[in-house]
$ cat data_36.txt   # compact mmCIF, C-alpha atoms
# COMPACT_ATOMS: atom_id res chain seq x y z
CA MET Z 1 -36.60 -26.43 34.65
CA LYS Z 2 -32.91 -25.75 34.02
CA LYS Z 3 -33.82 -23.13 31.40
CA ILE Z 4 -36.07 -21.31 33.87
CA LYS Z 5 -33.28 -21.24 36.50
CA LYS Z 6 -30.83 -19.76 33.98
CA VAL Z 7 -33.24 -16.96 32.98
CA PHE Z 8 -33.95 -16.17 36.64
CA PHE Z 9 -30.20 -16.08 37.44
CA LYS Z 10 -29.48 -13.70 34.52
CA LYS Z 11 -32.23 -11.31 35.67
CA VAL Z 12 -30.92 -11.26 39.24
CA VAL Z 13 -27.34 -10.57 38.09
CA SER Z 14 -28.50 -7.82 35.71
CA ARG Z 15 -30.54 -6.03 38.38
CA THR Z 16 -27.71 -6.33 40.89
CA ALA Z 17 -25.27 -4.76 38.42
CA LEU Z 18 -27.65 -1.87 37.76
CA ALA Z 19 -28.10 -1.27 41.49
CA LEU Z 20 -24.32 -1.21 42.05
CA ALA Z 21 -23.83 1.20 39.16
CA PHE Z 22 -26.46 3.53 40.61
CA MET Z 23 -24.82 3.46 44.06
CA LEU Z 24 -21.42 4.24 42.56
CA THR Z 25 -22.95 7.17 40.68
CA LEU Z 26 -24.39 8.57 43.91
CA ALA Z 27 -21.07 8.09 45.72
CA ASN Z 28 -19.23 10.17 43.12
CA PHE Z 29 -21.96 12.74 42.63
CA THR Z 30 -21.01 16.32 43.42
CA PRO Z 31 -24.15 18.37 44.18
CA VAL Z 32 -24.78 21.52 42.19
CA PHE Z 33 -25.41 23.37 45.46
CA ALA Z 34 -21.73 24.27 45.30
CA HIS Z 35 -19.76 27.21 44.14
CA GLY Z 36 -15.97 27.23 44.07
CA PHE Z 37 -12.64 26.83 45.81
CA ILE Z 38 -8.99 27.80 45.45
CA VAL Z 39 -6.97 24.87 44.16
CA ASN Z 40 -5.03 23.37 47.12
CA ASP Z 41 -6.86 25.41 49.73
CA ARG Z 42 -7.49 23.89 53.17
CA ALA Z 43 -10.81 22.19 52.33
CA HIS Z 44 -9.75 21.08 48.84
CA LEU Z 45 -6.70 19.26 50.27
CA GLY Z 46 -9.04 17.40 52.62
CA SER Z 47 -11.22 16.10 49.79
CA ALA Z 48 -10.65 13.01 47.70
CA GLN Z 49 -9.90 15.07 44.57
CA GLY Z 50 -7.32 17.06 46.58
CA GLY Z 51 -5.52 13.93 47.79
CA ALA Z 52 -7.11 13.79 51.28
CA LEU Z 53 -3.96 15.39 52.74
CA ASN Z 54 -5.99 17.09 55.50
CA SER Z 55 -7.90 14.65 57.73
CA ASN Z 56 -10.87 14.90 60.11
CA ILE Z 57 -12.48 17.89 58.42
CA GLY Z 58 -16.06 16.59 58.49
CA PRO Z 59 -18.49 17.46 55.66
CA ALA Z 60 -15.94 19.84 54.10
CA ALA Z 61 -14.25 16.79 52.61
CA PHE Z 62 -17.29 16.25 50.39
CA GLU Z 63 -18.10 19.90 49.58
CA PRO Z 64 -14.89 21.99 49.51
CA GLN Z 65 -16.66 24.30 47.05
CA SER Z 66 -19.33 25.23 49.66
CA VAL Z 67 -16.89 26.04 52.49
CA GLY Z 68 -16.64 29.67 53.62
CA GLU Z 69 -19.83 31.15 52.14
CA GLY Z 70 -20.39 34.05 54.53
CA PRO Z 71 -21.99 37.51 54.44
CA ARG Z 72 -20.37 39.82 51.89
CA ASN Z 73 -19.34 42.50 54.43
CA ALA Z 74 -18.55 40.03 57.22
CA LEU Z 75 -15.01 41.25 57.99
CA GLN Z 76 -16.04 44.89 57.69
CA ASN Z 77 -18.89 44.33 60.14
CA GLY Z 78 -16.76 42.80 62.88
CA LEU Z 79 -16.67 39.08 62.15
CA GLU Z 80 -13.25 37.44 62.30
CA VAL Z 81 -11.48 35.19 59.80
CA HIS Z 82 -11.91 32.06 61.93
CA GLN Z 83 -15.68 32.68 61.92
CA VAL Z 84 -16.21 33.15 58.18
CA ILE Z 85 -14.00 30.34 56.89
CA THR Z 86 -16.38 27.86 58.60
CA ALA Z 87 -19.56 29.29 57.06
CA PHE Z 88 -22.07 27.25 55.07
CA GLY Z 89 -24.30 30.11 53.97
CA PRO Z 90 -24.63 33.58 55.55
CA ASN Z 91 -26.92 32.28 58.32
CA ASN Z 92 -24.84 29.22 59.25
CA LEU Z 93 -21.39 30.39 60.32
CA ASN Z 94 -20.50 27.04 61.91
CA GLY Z 95 -21.41 24.64 59.11
CA PHE Z 96 -17.79 23.52 58.63
CA ALA Z 97 -16.43 23.97 62.16
CA ALA Z 98 -13.22 21.99 61.59
CA MET Z 99 -11.94 24.66 59.19
CA ALA Z 100 -11.31 27.01 62.16
CA GLU Z 101 -8.99 24.62 63.99
CA GLN Z 102 -5.59 26.27 64.09
CA SER Z 103 -2.17 25.13 65.26
CA SER Z 104 1.37 24.99 63.89
CA ASP Z 105 0.98 21.36 62.79
CA ARG Z 106 -2.76 20.92 62.06
CA TRP Z 107 -2.79 21.45 58.28
CA HIS Z 108 -0.83 20.24 55.25
CA ARG Z 109 1.31 23.04 53.76
CA VAL Z 110 1.85 23.73 50.07
CA PRO Z 111 5.52 24.57 49.26
CA VAL Z 112 5.90 28.06 47.73
CA THR Z 113 8.65 30.68 47.33
CA VAL Z 114 8.65 34.42 47.87
CA GLY Z 115 7.65 36.51 44.89
CA ALA Z 116 5.03 35.64 42.29
CA HIS Z 117 2.51 32.94 43.20
CA ASP Z 118 -0.61 31.91 41.25
CA MET Z 119 -3.99 31.55 42.97
CA VAL Z 120 -6.19 29.35 40.75
CA TRP Z 121 -9.99 29.10 41.21
CA HIS Z 122 -12.19 26.13 40.32
CA PHE Z 123 -15.90 26.97 40.01
CA THR Z 124 -18.74 24.48 40.26
CA MET Z 125 -21.40 27.18 40.11
CA PRO Z 126 -20.00 30.54 38.97
CA HIS Z 127 -21.64 33.71 40.27
CA ARG Z 128 -21.56 37.25 38.91
CA THR Z 129 -18.56 38.82 40.59
CA PHE Z 130 -17.49 42.15 42.10
CA GLY Z 131 -13.86 40.98 42.43
CA PHE Z 132 -11.30 38.98 44.38
CA ARG Z 133 -9.07 39.98 47.34
CA TYR Z 134 -5.98 38.38 48.87
CA TYR Z 135 -4.17 38.62 52.22
CA ILE Z 136 -1.19 36.84 53.85
CA THR Z 137 -0.16 36.45 57.49
CA TYR Z 138 2.59 38.69 58.83
CA GLN Z 139 6.01 37.26 59.63
CA GLY Z 140 5.91 36.26 63.31
CA TRP Z 141 2.13 35.66 63.46
CA ASP Z 142 0.72 33.43 66.21
CA GLN Z 143 0.31 30.03 64.51
CA ASN Z 144 -1.64 28.52 67.44
CA ALA Z 145 -4.28 31.23 67.90
CA PRO Z 146 -7.65 31.60 66.13
CA LEU Z 147 -7.26 33.49 62.85
CA THR Z 148 -8.05 37.21 63.07
CA LEU Z 149 -7.86 39.91 60.43
CA ASP Z 150 -5.13 41.85 62.26
CA SER Z 151 -2.77 38.91 61.59
CA PHE Z 152 -3.02 39.48 57.82
CA GLU Z 153 -1.43 41.90 55.37
CA TYR Z 154 -3.50 42.99 52.37
CA LEU Z 155 -1.88 41.94 49.06
CA GLY Z 156 -4.28 43.38 46.47
CA SER Z 157 -7.55 43.05 44.55
CA PHE Z 158 -8.21 41.61 41.09
CA ASP Z 159 -10.99 41.77 38.46
CA VAL Z 160 -12.78 44.56 40.33
CA PHE Z 161 -16.20 45.50 38.88
CA GLU Z 162 -18.01 48.69 39.91
CA GLY Z 163 -21.66 48.80 38.99
CA GLU Z 164 -24.95 47.04 39.45
CA GLY Z 165 -24.53 43.45 40.62
CA TRP Z 166 -26.79 41.94 37.98
CA LEU Z 167 -24.52 43.46 35.30
CA ALA Z 168 -21.29 42.08 36.82
CA PRO Z 169 -19.37 39.51 34.75
CA LEU Z 170 -19.18 35.78 35.39
CA PRO Z 171 -15.64 34.47 36.14
CA VAL Z 172 -14.14 31.96 33.72
CA GLN Z 173 -13.20 28.48 34.85
CA GLY Z 174 -9.61 28.37 36.07
CA THR Z 175 -9.45 32.11 36.83
CA THR Z 176 -5.85 32.77 37.95
CA HIS Z 177 -4.45 35.73 39.89
CA THR Z 178 -0.71 36.23 40.45
CA ILE Z 179 -0.03 37.61 43.92
CA GLN Z 180 3.34 38.70 45.30
CA ILE Z 181 4.49 36.99 48.50
CA PRO Z 182 6.63 39.57 50.38
CA ASP Z 183 10.36 38.78 50.51
CA ASN Z 184 10.52 38.74 54.33
CA ARG Z 185 8.14 35.76 54.62
CA THR Z 186 9.55 32.36 55.53
CA GLY Z 187 8.11 29.21 57.11
CA TYR Z 188 4.44 28.53 57.75
CA HIS Z 189 1.96 31.15 56.48
CA ILE Z 190 -1.69 31.37 55.47
CA ILE Z 191 -3.04 33.06 52.36
CA LEU Z 192 -6.64 34.28 52.64
CA GLY Z 193 -8.59 34.59 49.37
CA VAL Z 194 -11.98 36.34 49.21
CA TRP Z 195 -14.38 36.03 46.27
CA ASP Z 196 -16.94 38.88 46.40
CA VAL Z 197 -20.12 37.70 44.69
CA ALA Z 198 -22.51 40.16 43.02
CA ASP Z 199 -25.76 38.26 42.40
CA VAL Z 200 -26.25 37.24 46.05
CA ALA Z 201 -25.14 39.10 49.20
CA THR Z 202 -22.30 36.69 50.04
CA SER Z 203 -18.56 36.24 49.73
CA TRP Z 204 -16.45 33.08 49.78
CA PHE Z 205 -13.59 33.09 52.30
CA LYS Z 206 -10.86 30.51 51.54
CA VAL Z 207 -7.56 29.82 53.32
CA LYS Z 208 -4.49 28.18 51.80
CA ASP Z 209 -1.75 26.90 54.12
CA VAL Z 210 1.72 27.35 52.61
CA GLU Z 211 5.38 26.74 53.54
CA VAL Z 212 7.37 29.72 52.24
CA SER Z 213 11.04 29.50 51.35
CA GLY Z 214 13.54 32.05 50.05
CA GLY Z 215 12.54 34.85 52.41
CA THR Z 216 14.62 36.85 54.87
CA GLY Z 217 12.47 36.12 57.92
CA VAL Z 218 12.76 39.73 59.10
CA VAL Z 219 9.85 40.67 61.37
CA VAL Z 220 8.54 44.16 60.63
CA PRO Z 221 6.21 46.13 62.95
CA VAL Z 222 2.57 45.26 62.33
CA PRO Z 223 0.40 48.30 61.46
CA THR Z 224 -2.01 49.35 64.21
CA THR Z 225 -4.88 49.53 61.71
CA PRO Z 226 -6.15 46.27 60.20
CA PRO Z 227 -5.85 45.69 56.44
CA THR Z 228 -8.59 46.87 54.12
CA THR Z 229 -11.62 44.61 53.95
CA GLN Z 230 -13.17 46.04 50.81
CA PRO Z 231 -12.11 46.04 47.16
CA PRO Z 232 -10.66 49.35 45.93
CA THR Z 233 -13.27 51.90 44.94
CA THR Z 234 -11.73 52.45 41.53
CA THR Z 235 -10.19 50.26 38.90
CA GLN Z 236 -7.89 53.04 37.69
CA PRO Z 237 -4.52 53.53 39.41
CA PRO Z 238 -4.02 56.91 41.06
CA THR Z 239 -2.14 59.57 39.16
CA THR Z 240 1.52 59.44 40.08
CA GLN Z 241 2.73 62.43 38.01
CA PRO Z 242 2.54 65.98 39.41
CA PRO Z 243 0.44 68.49 37.46
CA VAL Z 244 2.27 70.00 34.53
CA GLN Z 245 3.72 73.42 35.35
CA PRO Z 246 4.63 76.02 32.76
CA PRO Z 247 8.37 75.96 32.08
CA GLN Z 248 10.36 78.25 34.29
CA PRO Z 249 13.51 80.00 32.98
CA THR Z 250 16.64 78.58 34.49
CA GLN Z 251 18.88 81.51 33.52
CA PRO Z 252 18.29 85.20 34.02
CA PRO Z 253 17.48 87.08 30.82
CA VAL Z 254 20.50 88.18 28.79
CA GLN Z 255 21.36 91.81 29.41
CA PRO Z 256 23.01 94.00 26.77
CA PRO Z 257 26.70 94.66 27.44
CA GLN Z 258 27.32 97.61 29.70
CA PRO Z 259 30.11 100.09 29.02
CA THR Z 260 32.95 99.87 31.49
CA GLN Z 261 32.92 103.65 31.87
CA SER Z 262 29.80 105.65 31.61
CA PRO Z 263 29.22 109.35 31.66
CA VAL Z 264 28.06 110.76 34.90
CA GLN Z 265 24.37 110.18 35.17
CA PRO Z 266 22.05 111.89 37.50
CA PRO Z 267 21.21 109.74 40.52
CA GLN Z 268 18.48 107.22 39.83
CA PRO Z 269 15.66 106.66 42.23
CA THR Z 270 15.93 103.41 44.18
CA GLN Z 271 12.19 102.92 44.18
CA PRO Z 272 10.11 102.19 41.12
CA PRO Z 273 8.10 105.15 39.88
CA VAL Z 274 4.74 105.53 41.46
CA GLN Z 275 2.04 104.19 39.21
CA PRO Z 276 -1.36 105.71 39.16
CA PRO Z 277 -3.88 103.58 41.05
CA GLN Z 278 -5.41 100.90 38.90
CA PRO Z 279 -9.05 100.04 39.18
CA THR Z 280 -9.65 96.85 41.12
CA PRO Z 281 -10.65 94.17 38.65
CA GLN Z 282 -14.08 92.82 39.31
CA PRO Z 283 -14.83 89.12 38.89
CA PRO Z 284 -17.15 88.34 36.03
CA GLN Z 285 -20.76 88.18 37.08
CA PRO Z 286 -22.43 84.84 36.55
CA THR Z 287 -25.17 84.72 34.01
CA PRO Z 288 -28.48 84.43 35.82
CA GLN Z 289 -29.64 80.84 35.73
CA PRO Z 290 -33.22 79.68 35.92
CA PRO Z 291 -34.15 78.24 39.33
CA GLN Z 292 -33.01 74.66 39.77
CA PRO Z 293 -35.42 71.99 40.99
CA THR Z 294 -35.01 70.82 44.55
CA PRO Z 295 -32.67 67.81 44.55
CA GLN Z 296 -34.46 64.57 45.17
CA PRO Z 297 -33.16 61.89 47.48
CA PRO Z 298 -31.40 59.05 45.69
CA GLN Z 299 -33.75 56.42 44.43
CA PRO Z 300 -33.13 52.78 45.27
CA THR Z 301 -31.42 50.82 42.57
CA PRO Z 302 -34.07 48.88 40.68
CA GLU Z 303 -33.81 45.17 41.05
CA PRO Z 304 -33.32 43.17 37.86
CA PRO Z 305 -36.68 42.26 36.39
CA GLN Z 306 -38.14 39.02 37.73
CA PRO Z 307 -40.21 36.74 35.53
CA PRO Z 308 -43.93 37.12 36.21
CA THR Z 309 -45.36 34.68 38.73
CA THR Z 310 -48.98 33.70 39.22
CA GLY Z 311 -48.62 32.05 42.62
CA ALA Z 312 -46.38 29.91 44.80
CA ARG Z 313 -46.27 26.17 44.24
CA PRO Z 314 -45.51 23.79 47.08
CA PHE Z 315 -41.84 22.95 47.44
CA SER Z 316 -40.85 19.41 46.44
CA GLY Z 317 -37.54 17.87 47.46
CA VAL Z 318 -37.93 14.96 45.09
CA ALA Z 319 -34.82 14.37 42.95
CA GLY Z 320 -35.31 15.57 39.38
CA THR Z 321 -37.73 18.40 40.27
CA PRO Z 322 -36.80 21.45 38.14
CA TYR Z 323 -36.79 25.01 39.53
CA ASN Z 324 -36.42 28.19 37.47
CA ALA Z 325 -35.04 31.51 38.68
CA GLY Z 326 -37.92 33.72 39.78
CA ASP Z 327 -40.31 30.87 40.65
CA LEU Z 328 -42.27 31.21 43.89
CA VAL Z 329 -42.50 28.19 46.19
CA SER Z 330 -44.22 27.67 49.54
CA HIS Z 331 -42.64 25.73 52.40
CA ASN Z 332 -43.49 25.48 56.10
CA GLY Z 333 -46.03 28.30 55.83
CA ALA Z 334 -43.63 30.77 54.12
CA THR Z 335 -43.11 31.87 50.51
CA TYR Z 336 -39.68 31.83 48.84
CA ARG Z 337 -38.28 33.02 45.47
CA VAL Z 338 -35.91 30.79 43.52
CA LEU Z 339 -32.61 32.69 42.99
CA GLN Z 340 -31.08 30.51 40.26
CA SER Z 341 -32.28 27.73 37.98
CA PHE Z 342 -31.37 24.18 39.03
CA THR Z 343 -32.68 20.62 39.21
CA HIS Z 344 -33.17 19.17 42.70
CA ASN Z 345 -31.08 16.11 43.58
CA GLY Z 346 -33.08 14.99 46.63
CA ASP Z 347 -30.66 16.41 49.23
CA PRO Z 348 -32.74 17.69 52.23
CA ASN Z 349 -30.24 20.57 52.61
CA TRP Z 350 -31.50 21.99 49.32
CA ALA Z 351 -34.66 23.31 50.96
CA PRO Z 352 -36.09 26.82 51.45
CA GLY Z 353 -34.87 28.26 54.70
CA VAL Z 354 -31.71 26.09 54.53
CA ALA Z 355 -30.18 26.68 51.08
CA HIS Z 356 -29.97 30.47 51.13
CA SER Z 357 -28.14 30.66 47.81
CA LEU Z 358 -31.05 28.91 46.09
CA PHE Z 359 -34.14 30.31 47.86
CA GLN Z 360 -34.87 33.84 49.15
CA LEU Z 361 -37.64 34.47 51.70
CA VAL Z 362 -40.39 36.72 50.29
CA PRO Z 363 -41.65 39.13 53.02
$ encode --input "data_36.txt" --output "structure tokens"
Amino acid sequence: MKKIKKVFFKKVVSRTALALAFMLTLANFTPVFAHGFIVNDRAHLGSAQGGALNSNIGPAAFEPQSVGEGPRNALQNGLEVHQVITAFGPNNLNGFAAMAEQSSDRWHRVPVTVGAHDMVWHFTMPHRTFGFRYYITYQGWDQNAPLTLDSFEYLGSFDVFEGEGWLAPLPVQGTTHTIQIPDNRTGYHIILGVWDVADVATSWFKVKDVEVSGGTGVVVPVPTTPPTTQPPTTTQPPTTQPPVQPPQPTQPPVQPPQPTQSPVQPPQPTQPPVQPPQPTPQPPQPTPQPPQPTPQPPQPTPEPPQPPTTGARPFSGVAGTPYNAGDLVSHNGATYRVLQSFTHNGDPNWAPGVAHSLFQLVP
């Protein structure tokens, strides 16, 4: 009887230990439905890995990498900064509402100095990339008002790619860009970083709260036009040298020495002699060209080839279910295409119609 009790006790302890290990794994699990953040940005500093220095930020504390996923041209199309930094997908602009709270003492500030400052990215799911943009608030900005684009000065773009999105490069882990904080900044400021993604029509909008030292604090007039919202259209710097001109003589031509006394010469005419009329030069005649075909309207850019599909399979939210890019799935009477390969973890937010970075509605 004692032997039976010992065996039963060992089995209970073993199963209890396995259950606890599984729960701890789930507690520390970071879902792959995540993308990236700037180290020490507002959401990252509210997470456990960022030190939980920002409190009461809701679900952003568990998914700092998903915060701020808004439409790619959001700022260009009239949305404001306080609207896009709360986005959880292009169709859910209020998924992380706490990120838009703004006052002079709401957020932890990272100490920085004027001049060079590194912006470091951590990616949990890298996307093909058109580039990165950075902005900083003007000296004298309203620290207690909702963030708007006209409060920011454009600092520059990095890693700009011009071409088809499916050919754009993937960023490397720890991508770092060195921005220049203007020398008149001092005190509390916000740096806005934008990651323009190429393989889906979204951008990530991240804010980093900083305490700037070493600046003059001089307030300069704010331009009446807001800063640019798009990456530069070229990766080459503009030409700064004027076109080369043929050398011009700096001294008049040397004249032969003139005698101090000259014999009396007949008076010279003051006007140059009349030249016979010259025939007017005619421009060369173009060589007749064969008729050119009527220009055709631009053709739409072909989408990258999708793997062949034979039909949509029902969506399953069971953990461990694999999905491959290009698969068709049906859900709630609609058909969706899988945008990127992943394995489902059982999260109900990873569903068609909810996770727009994973599933695209097929018309």
$ closest_atom_pairs --input "data_36.txt" --of "range 30-106 of chain Z" --to "range 117-124 of chain Z" --cutoff "6 Å" --atoms "only C-alpha atoms" --output "tab-separated table"
residue	atom	partner	partner_atom	distance
Z:Ala34	CA	Z:Thr124	CA	5.9
Z:His35	CA	Z:Thr124	CA	4.9
Z:Gly36	CA	Z:Phe123	CA	4.1
Z:Phe37	CA	Z:His122	CA	5.6
Z:Ile38	CA	Z:Trp121	CA	4.5
Z:Val39	CA	Z:Val120	CA	5.7
$ closest_residue --input "data_36.txt" --among "Z:Asn40, Z:Thr216, Z:Thr113, Z:Ser203" --to "Ile179 in chain Z" --atoms "only C-alpha atoms"
Z:Thr113
$ closest_residue --input "data_36.txt" --among "Z:Thr178, Z:Gly346, Z:Pro352, Z:Leu358" --to "Gly326 in chain Z" --atoms "all atoms listed in the file"
Z:Leu358
$ atom_distance --input "data_36.txt" --atom1 "CA of Gly140 in chain Z" --atom2 "CA of Ala87 in chain Z"
27.1 Å
$ residues_around --input "data_36.txt" --residues "range 90-92 of chain Z" --least-positions-apart "3" --cutoff "10 Å" --atoms "only C-alpha atoms" --output "PyMOL selection string"
chain Z and resi 68-72+74+84+86-87+95-96+201-203+353-357
$ axis_aligned_box --input "data_36.txt" --around "range 33-45 of chain Z" --padding-each-side "6 Å" --output "AutoDock Vina command-line options"
--center_x -15.2 --center_y 23.5 --center_z 48.6 --size_x 32.4 --size_y 20.5 --size_z 21.1
$ atom_distance --input "data_36.txt" --atom1 "CA of Glu164 in chain Z" --atom2 "CA of Val200 in chain Z"
11.9 Å
$ closest_residue --input "data_36.txt" --among "Z:Asn77, Z:Gln143, Z:Thr321, Z:Thr129" --to "Trp204 in chain Z" --atoms "all atoms listed in the file"
Z:Thr129
$ residues_near_point --input "data_36.txt" --point "(-1.6, 38.3, 54.4)" --cutoff "6 Å" --atoms "all atoms listed in the file" --output "short mmCIF file (atom, residue, chain, number, x, y, z; two decimals) with C-alpha atoms, in the frame of the given file"
data_model
loop_
_atom_site.label_atom_id
_atom_site.label_comp_id
_atom_site.auth_asym_id
_atom_site.auth_seq_id
_atom_site.Cartn_x
_atom_site.Cartn_y
_atom_site.Cartn_z
CA TYR Z 135 -4.17 38.62 52.22
CA ILE Z 136 -1.19 36.84 53.85
CA THR Z 137 -0.16 36.45 57.49
CA PHE Z 152 -3.02 39.48 57.82
CA GLU Z 153 -1.43 41.90 55.37
CA TYR Z 154 -3.50 42.99 52.37
CA ILE Z 191 -3.04 33.06 52.36
#
$ atom_distance --input "data_36.txt" --atom1 "CA of Val67 in chain Z" --atom2 "CA of Ser213 in chain Z"
28.2 Å
$ residues_around --input "data_36.txt" --residues "Val212 in chain Z" --least-positions-apart "6" --cutoff "9 Å" --atoms "only C-alpha atoms" --output "list in words"
Val110, Pro111, Val112, Thr113, Val114, Ile181, Arg185, Thr186, Gly187, Tyr188 and His189 of chain Z
